[in-house]
Amino acid sequence: MITELGHFALILAFGVAIFQMVVPLIGAYKRWPGWMAVAEPAAGAQFALTAMAFGALMWAFITSDFSLRLVVLNSHSMKPMLYKISGTWGNHEGSMLLWVLIVSLFGAMAAWFGGNLPQSLRARVLGVQAAIGVAFYGFILFTSNPFLRLATPPFDGQDLNPLLQDPGLAFHPPFLYLGYVGLSMTFSFAVAALIEGRIDAAWGRWVRPWTLAAWIFLTIGIALGSWWAYYELGWGGFWFWDPVENASFMPWLLAVALLHSAIVVEKRESLKSWTILLAILAFGFSLIGTFIVRSGLLTSVHAFANDPERGVFILMIMAFFMGGALVLFAMRASALEAKGVFGIVSRESALLVNNVLLAVACFVVFIGTMWPLLAEMFFDRKLSVGPPFFNAAFTPFMVVLGLVLPIGSALPWKRAQIGRALKPLRYVFVLAIAVGGLAFAMQSGRSLLGPVGLFLGAWIVMGTVVDLLGRTGRGQGRLRRLTRLPRADWGKMLAHAGLGITMAGIAGITAWSVDDIRAVPIGGSVEVGSYTVQLDNVERLQGPNYMATTGYVTLFQNGVEIAQLRPEKRFYPVAEMPTTEAAIDYNLARDVYVVIGDEQDDGGWVVRTYIKPLTNWIWIGCALMALGGLLSLSDRRFRIAAGAAKRPTQVPAE
Amino acid sequence: MRALLIAFMLLVVTPAWAVQPDEILSDPVLEERARDLSKGLRCLVCRNESIDESNASLARDLRILLRERLVAGDSDQEAVDFIVNRYGEYVLLNPPASGSTWLLWAAGPLMLLLAAGLGYGYLRGRSTAPAADQTPLSAEEQARLDDILNK
C-alpha cells in the first residue's frame, strides 16, 4: 500500500513539475505576477511529493518488502540496517529517484531562500529547474520505474553488491548527487539570465552560493569515493582515471573554474558570457557523467545499468538541455557586455588564468576519456587510454595552477604591480624551495614528482597564510583584525591550503610508496623498511552475512610494537563474492597497509604490506577544501543576500 | 558506484589478489622492471585495470609471460613489443604518440594555446576599453549640462 502511495506521489510530482515548468515561464514572459508567483508553492509541493515517493521506496527496503522487484534484486533480509537503507540508492532506479529528489530539493530551496531575487528571474529559474525535473521524472516513470511489483515474491532477496556494503560508500552517492544536481541550479540561473537578457553583479552574487554548495558536496563525494577505493579495493590505489571517476572529476574542475569566474562577475562585472558558458557546461558534464554510468557506452567498472534504451533517453535529455542552452547562449551572449576595466596584470587576469588552466585541464580529461571511442569510430583503432596518459597530460596543469595560485591571490583588483605582490612571498618561495630540495636530497634517484609536490604544497599553504596575514594591515591590533576578517577570506585561505595539502599527499603516495608481497608462515614476519609485520595467527570467523578469514598481525617499528592489525578476507555467500578488508595503521606521516591473501600449500599465507607516505594528507586536504567552502558559504554577504528581505532582524551584527 | 572489480569478481569465486608471491622473480632488478612495465599493460578481460593490479587469471598469465621475456634477456621495449604483437595496441594503457594518437597528445597543449590566445585577447580588450562610467553623455544630458553651466 505504501509502495503504491509512493508510486502515485511520484506521478503527481511529475504533473506538478510540468505545471511548474509551463506556468511561471509564460507568466514571466507576459509579466503576469500571479502566474509567476505559482512557481514557489509548486516547487515546495514537488519536493514534498518526491520526498514521499523516496520515503516509500526506502520503507520497502527497510521492511524488506520482497514483492518489489527492486528490493529483491538489491537487498537481503540478513543485511545490516545501514545497508538496507543505503540499498535504496545503491542501484539504478533508486539512484535516479534520489537524483530527482535532489533536483526538486534544490528547486524548493531556491523558492524558500530566493526572496531577494527579482520576481521574473525567480520564476524563470524555478521554471527551468522544473524542466530538468520533468525530463528525469519521465525517464524514471517510462524506463526505470522503481515501484514495479512481482506477481510471485521470492522468500529472500539477492543481496546488495558486497563491495557497496561499506559505510564510506553508503554516503558516497548522495554527496556526489548533491554535487552533480546542485550544478543544475547554476544551470537554471544561467538559462534564466539568458532568457532575461541581463546579467549583472547581483546575478554573480546569487549564483555563487549555489555553485559553492554544489562544489562542497562534489568535493566530499569524490573524496569519500576515493577513500573508499583506497581501503576497500585491497591495494591502496586512490584514483584510477576510470571513465566514471573522470565523469565526476570534470564537473568538479568546471565548478572550481565557475566559482572563481563568478567572483569576477560579482566584483567587477566582467567575464560574464564565459561564466554563463561555464555554468551550462558544468551541468552538461554532470549529464555526461550520468550518461556514461548508465549507457554502457564506455566500458567502466562502475557502470550499473547497461541498457541502450536508457542510454538513448539520457542522450536525448542531454541533447535537449545542452543544445537548447547553447543556442540560447549563442543568441544572447553578445548582449552581455563587460563593464570592468583592468590591466593585464591584475586579480581579474589571475582569475582568468585560473579559468584557462582548469578548463583546459578538464578538456584533457574529457578527450582522454572519450578517445578510445573516437579512435574506434574515426580511425578504426582499438586502444586504451589509461592512468599513464592522464598522469602525464593532466599533472602539468595542476603544477602550473599551484605555482600561480599564491601570486594570483595576492594581486589586487584592477591594476597590479607584480613586484609589489611578490614581495611578501619571496621568503615563502625560498622556504618552499628548501622543503622541496630537502625531499629531493633525502630520496635517492626517484622521480621528481615527490619533491615537486612537496614544494607546491609548502608554497601554497605558506602563501595563503602570508596572504591572510597581509590583510590585517600594519601596526597594533593585527590579531584582532585577523579574527574579524570576513569568513569568505578565511574560507579562501582554508580551501587553497587544502589544495596544497592534497597535492603534497598525492605526490607523497605516488612517489614514495613501498610494497612487499610474500608468503609468510604463521608466527613468521616480514621486514619492510623500518617496520616488521608479524603474522601471529589466522582464523576463520562468521560475520552477519559473510564468512571471514581474519589475520592477526602485530606491527613493530624498530622493534617496538605499535599496532595490532586485523586484515580480513570476506566471502559473501548470497552474492557469491569475495572482498578484502585491508587493515591500516593510520598516521600523518604514513599509512601501513596490510592485506591478507590466500593460504599457500605449505601452510603459509600471502601477506601484502604497503607503506604509503602522506596518504592521509589527500583526505585532510579535501576536508579542508570543503570546510573552506562552507565558511565562505556562511559569509555575511550571502546571509544578508539570502535573508535580508524577509528577516532583517535575524542577521547577526559583526 | 565506484565498485571497481565488480565485473570479473562475479566470475572469480576464489579470491586471488594481484601479484602472487610465486610469480616474483628472485632478481630484484628484473622484478622492479617487471612491476614498472606491468603497470602500463592492460588486463584485457578487466575494465581499465593494469595487469599489476588485476587478479584475473589472464592478467596472471601476462605477468608470468612478461617476466619470462625479461628473464630471457629482452629489453623493456622488446618485452612490451612482444606482448603488443600478440594482443594488439589495446593492451597499452599509455597510447604511444604515433599515427592518429598524436592528436590525443597534442589536444591539451593546442587547446591551452588557443585558450591562452583568446584570454590574452580579452585582457588586451579589457585593459584598453573605456571605463563604463566614461561613456559620453547623450544629447539631452549634454544640453541639460550646458544649460546648468551657462546659468
# chains A, B, ... in the order shown; residues from 1 in each chain; ligands from 1
$ residues_around --residues "segment 589-596 of chain A" --least-positions-apart "3" --cutoff "9 Å" --atoms "only C-alpha atoms" --output "PyMOL selection string"
chain A and resi 231+234-236+509+531+533+549-551+553+555+565-569+580-586+605-617
$ write_last_selection --atoms "C-alpha atoms" --output "PDB file, in the first residue's frame"
ATOM      1  CA  TYR A 231      40.849   0.996   1.926  1.00  0.00           C
ATOM      2  CA  GLY A 234      42.921  -4.115  -1.379  1.00  0.00           C
ATOM      3  CA  TRP A 235      45.992  -2.480  -2.881  1.00  0.00           C
ATOM      4  CA  GLY A 236      45.760   1.105  -1.774  1.00  0.00           C
ATOM      5  CA  ILE A 509      51.788   8.420  -2.088  1.00  0.00           C
ATOM      6  CA  TYR A 531      58.672  -1.867  10.038  1.00  0.00           C
ATOM      7  CA  VAL A 533      54.918  -7.195  10.166  1.00  0.00           C
ATOM      8  CA  THR A 549      39.295 -15.174   7.144  1.00  0.00           C
ATOM      9  CA  THR A 550      40.980 -12.883   9.637  1.00  0.00           C
ATOM     10  CA  GLY A 551      44.707 -12.420  10.065  1.00  0.00           C
ATOM     11  CA  VAL A 553      49.011  -9.208  12.697  1.00  0.00           C
ATOM     12  CA  LEU A 555      53.165  -4.319  13.639  1.00  0.00           C
ATOM     13  CA  LEU A 565      46.094  -5.153  12.800  1.00  0.00           C
ATOM     14  CA  ARG A 566      43.215  -7.356  11.637  1.00  0.00           C
ATOM     15  CA  PRO A 567      43.265  -7.696   7.841  1.00  0.00           C
ATOM     16  CA  GLU A 568      40.264  -9.670   6.621  1.00  0.00           C
ATOM     17  CA  LYS A 569      39.180 -11.546   3.576  1.00  0.00           C
ATOM     18  CA  THR A 580      39.172  -7.671   1.119  1.00  0.00           C
ATOM     19  CA  GLU A 581      39.210  -5.575   4.242  1.00  0.00           C
ATOM     20  CA  ALA A 582      42.660  -4.119   4.498  1.00  0.00           C
ATOM     21  CA  ALA A 583      43.973  -3.297   7.958  1.00  0.00           C
ATOM     22  CA  ILE A 584      45.574   0.119   8.037  1.00  0.00           C
ATOM     23  CA  ASP A 585      47.668   1.764  10.716  1.00  0.00           C
ATOM     24  CA  TYR A 586      46.884   5.414  10.024  1.00  0.00           C
ATOM     25  CA  TRP A 605      49.642 -17.105   3.976  1.00  0.00           C
ATOM     26  CA  VAL A 606      50.170 -14.398   1.390  1.00  0.00           C
ATOM     27  CA  VAL A 607      50.731 -11.107   3.192  1.00  0.00           C
ATOM     28  CA  ARG A 608      50.889  -7.833   1.299  1.00  0.00           C
ATOM     29  CA  THR A 609      52.387  -4.873   3.100  1.00  0.00           C
ATOM     30  CA  TYR A 610      52.381  -1.363   1.719  1.00  0.00           C
ATOM     31  CA  ILE A 611      53.976   1.716   3.262  1.00  0.00           C
ATOM     32  CA  LYS A 612      52.179   4.739   1.860  1.00  0.00           C
ATOM     33  CA  PRO A 613      53.641   8.100   2.885  1.00  0.00           C
ATOM     34  CA  LEU A 614      51.469  11.208   3.343  1.00  0.00           C
ATOM     35  CA  THR A 615      48.314   9.389   2.244  1.00  0.00           C
ATOM     36  CA  ASN A 616      46.046  10.990   4.822  1.00  0.00           C
ATOM     37  CA  TRP A 617      47.037  14.427   3.587  1.00  0.00           C
TER      38      TRP A 617
END
$ residues_around --residues "Phe291 of chain A" --least-positions-apart "6" --cutoff "8 Å" --atoms "only C-alpha atoms" --output "list in words"
Gly311, Ile314 and Leu315 of chain A
$ closest_atom_pairs --of "chain A" --to "chain B" --cutoff "7 Å" --atoms "only C-alpha atoms" --output "CSV"
residue,atom,partner,partner_atom,distance
A:Leu163,CA,B:Ala3,CA,6.4
A:Leu164,CA,B:Ala3,CA,7.0
A:Pro173,CA,B:Met1,CA,7.0
A:Gly225,CA,B:Arg2,CA,6.6
A:Asp242,CA,B:Asn48,CA,6.5
A:Thr299,CA,B:Arg47,CA,6.4
A:Ser300,CA,B:Arg47,CA,5.8
A:Val301,CA,B:Leu4,CA,5.0
A:His302,CA,B:Arg2,CA,5.3
A:Lys339,CA,B:Ala132,CA,5.5
A:Gly340,CA,B:Ala131,CA,6.8
A:Val341,CA,B:Arg126,CA,5.2
A:Phe342,CA,B:Ser127,CA,4.9
A:Gly343,CA,B:Ser127,CA,4.7
A:Ile344,CA,B:Leu123,CA,5.9
A:Ser349,CA,B:Leu123,CA,6.9
A:Val356,CA,B:Ala115,CA,6.1
A:Val360,CA,B:Leu112,CA,6.0
A:Val364,CA,B:Gly108,CA,5.3
A:Lys382,CA,B:Tyr90,CA,5.7
A:Leu383,CA,B:Tyr90,CA,3.9
A:Ser384,CA,B:Tyr90,CA,5.2
A:Val385,CA,B:Leu93,CA,5.3
A:Gly386,CA,B:Leu93,CA,4.4
A:Pro387,CA,B:Leu93,CA,6.9
A:Pro388,CA,B:Asn94,CA,5.3
A:Phe389,CA,B:Asn94,CA,5.2
A:Ile517,CA,B:Pro21,CA,6.0
A:Arg518,CA,B:Pro21,CA,4.8
A:Ala519,CA,B:Pro21,CA,6.2
A:Glu576,CA,B:Val13,CA,6.7
A:Met577,CA,B:Leu10,CA,6.3
A:Pro578,CA,B:Pro15,CA,6.1
A:Gly597,CA,B:Trp17,CA,6.6
A:Asp598,CA,B:Ala16,CA,6.8
$ closest_residue --among "A:Phe142, A:Trp459, A:Tyr180, A:Phe397" --to "Thr290 of chain A" --atoms "only C-alpha atoms"
A:Tyr180
$ residues_around --residues "Ala282 of chain A" --least-positions-apart "2" --cutoff "8 Å" --atoms "only C-alpha atoms" --output "number ranges by chain"
A: 183, 187, 250-252, 254-255, 278-280, 284-286
$ write_last_selection --atoms "N, CA and C atoms" --output "compact mmCIF listing (two decimals), in the first residue's frame"
# COMPACT_ATOMS: atom_id res chain seq x y z
N LEU A 183 24.64 21.49 -9.46
CA LEU A 183 25.04 22.28 -10.62
C LEU A 183 23.85 22.57 -11.53
N PHE A 187 22.93 26.00 -13.59
CA PHE A 187 22.47 25.93 -14.97
C PHE A 187 21.16 26.70 -15.12
N MET A 250 35.33 15.91 -13.91
CA MET A 250 35.18 17.02 -14.87
C MET A 250 34.23 18.10 -14.35
N PRO A 251 33.03 17.74 -13.85
CA PRO A 251 32.18 18.80 -13.28
C PRO A 251 32.87 19.50 -12.11
N TRP A 252 33.67 18.75 -11.34
CA TRP A 252 34.37 19.37 -10.20
C TRP A 252 35.33 20.45 -10.70
N LEU A 254 35.22 22.09 -13.50
CA LEU A 254 34.49 23.24 -14.05
C LEU A 254 33.81 24.03 -12.93
N ALA A 255 33.37 23.33 -11.88
CA ALA A 255 32.75 24.06 -10.76
C ALA A 255 33.78 24.95 -10.08
N LEU A 278 30.33 28.53 -18.67
CA LEU A 278 30.83 27.56 -17.69
C LEU A 278 29.68 26.92 -16.92
N ALA A 279 28.71 27.75 -16.53
CA ALA A 279 27.58 27.21 -15.76
C ALA A 279 26.83 26.18 -16.60
N ILE A 280 26.68 26.45 -17.89
CA ILE A 280 25.99 25.50 -18.76
C ILE A 280 26.82 24.23 -18.91
N GLY A 284 26.34 20.31 -17.98
CA GLY A 284 26.44 19.40 -19.12
C GLY A 284 27.33 18.21 -18.79
N PHE A 285 28.44 18.48 -18.11
CA PHE A 285 29.34 17.38 -17.75
C PHE A 285 28.71 16.47 -16.70
N SER A 286 27.87 17.05 -15.83
CA SER A 286 27.14 16.18 -14.89
C SER A 286 26.24 15.22 -15.67
$ atom_distance --atom1 "atom CA of Lys267 of chain A" --atom2 "atom CA of Trp203 of chain A"
10.9 Å
$ residues_around --residues "segment 123-128 of chain A" --least-positions-apart "3" --cutoff "7 Å" --atoms "only C-alpha atoms" --output "list in words"
Gln20, Met21, Val22, Pro24, Leu25, Ala28, Met36, Ala39, Gly107, Gln119, Ser120, Ala131, Ile132, Ser188, Phe189 and Ala192 of chain A
$ write_last_selection --atoms "N, CA and C atoms" --output "PDB file, in the first residue's frame"
ATOM      1  N   GLN A  20       4.853  23.482 -13.067  1.00  0.00           N
ATOM      2  CA  GLN A  20       5.849  24.457 -12.615  1.00  0.00           C
ATOM      3  C   GLN A  20       6.763  24.886 -13.759  1.00  0.00           C
ATOM      4  N   MET A  21       6.885  24.060 -14.764  1.00  0.00           N
ATOM      5  CA  MET A  21       7.715  24.419 -15.912  1.00  0.00           C
ATOM      6  C   MET A  21       6.980  25.410 -16.817  1.00  0.00           C
ATOM      7  N   VAL A  22       5.687  25.137 -17.045  1.00  0.00           N
ATOM      8  CA  VAL A  22       4.956  25.905 -18.068  1.00  0.00           C
ATOM      9  C   VAL A  22       4.474  27.247 -17.533  1.00  0.00           C
ATOM     10  N   PRO A  24       5.009  29.396 -14.784  1.00  0.00           N
ATOM     11  CA  PRO A  24       5.861  30.555 -14.446  1.00  0.00           C
ATOM     12  C   PRO A  24       6.615  31.122 -15.652  1.00  0.00           C
ATOM     13  N   LEU A  25       7.003  30.264 -16.584  1.00  0.00           N
ATOM     14  CA  LEU A  25       7.737  30.772 -17.748  1.00  0.00           C
ATOM     15  C   LEU A  25       6.833  31.660 -18.603  1.00  0.00           C
ATOM     16  N   ALA A  28       6.318  34.855 -16.646  1.00  0.00           N
ATOM     17  CA  ALA A  28       7.449  35.783 -16.696  1.00  0.00           C
ATOM     18  C   ALA A  28       7.505  36.488 -18.043  1.00  0.00           C
ATOM     19  N   MET A  36       3.535  34.040 -12.215  1.00  0.00           N
ATOM     20  CA  MET A  36       4.916  33.861 -11.781  1.00  0.00           C
ATOM     21  C   MET A  36       4.967  33.326 -10.351  1.00  0.00           C
ATOM     22  N   ALA A  39       5.165  29.575  -9.013  1.00  0.00           N
ATOM     23  CA  ALA A  39       6.360  28.720  -9.032  1.00  0.00           C
ATOM     24  C   ALA A  39       6.753  28.259  -7.638  1.00  0.00           C
ATOM     25  N   GLY A 107      15.335  23.032  -6.162  1.00  0.00           N
ATOM     26  CA  GLY A 107      14.282  23.937  -6.627  1.00  0.00           C
ATOM     27  C   GLY A 107      13.539  24.541  -5.441  1.00  0.00           C
ATOM     28  N   GLN A 119      11.268  39.071  -9.220  1.00  0.00           N
ATOM     29  CA  GLN A 119      10.227  38.059  -9.386  1.00  0.00           C
ATOM     30  C   GLN A 119      10.350  37.293 -10.704  1.00  0.00           C
ATOM     31  N   SER A 120      10.632  38.005 -11.787  1.00  0.00           N
ATOM     32  CA  SER A 120      10.658  37.313 -13.068  1.00  0.00           C
ATOM     33  C   SER A 120      11.841  36.351 -13.149  1.00  0.00           C
ATOM     34  N   ALA A 131      11.889  22.073 -15.511  1.00  0.00           N
ATOM     35  CA  ALA A 131      12.034  21.397 -16.806  1.00  0.00           C
ATOM     36  C   ALA A 131      13.042  20.242 -16.680  1.00  0.00           C
ATOM     37  N   ILE A 132      14.134  20.493 -15.943  1.00  0.00           N
ATOM     38  CA  ILE A 132      15.108  19.413 -15.726  1.00  0.00           C
ATOM     39  C   ILE A 132      14.430  18.267 -14.978  1.00  0.00           C
ATOM     40  N   SER A 188      20.228  26.460 -14.180  1.00  0.00           N
ATOM     41  CA  SER A 188      18.932  27.154 -14.256  1.00  0.00           C
ATOM     42  C   SER A 188      19.121  28.668 -14.161  1.00  0.00           C
ATOM     43  N   PHE A 189      20.036  29.083 -13.279  1.00  0.00           N
ATOM     44  CA  PHE A 189      20.299  30.519 -13.162  1.00  0.00           C
ATOM     45  C   PHE A 189      20.859  31.069 -14.470  1.00  0.00           C
ATOM     46  N   ALA A 192      18.047  31.113 -17.094  1.00  0.00           N
ATOM     47  CA  ALA A 192      17.077  32.159 -16.759  1.00  0.00           C
ATOM     48  C   ALA A 192      17.657  33.539 -17.067  1.00  0.00           C
TER      49      ALA A 192
END
$ select_by_dssp --residues "segment 387-576 of chain A" --states "strand (DSSP E)" --output "MDAnalysis selection string"
chainID A and resid 514:520 525:528 531:542 547:557 560:565 568:572
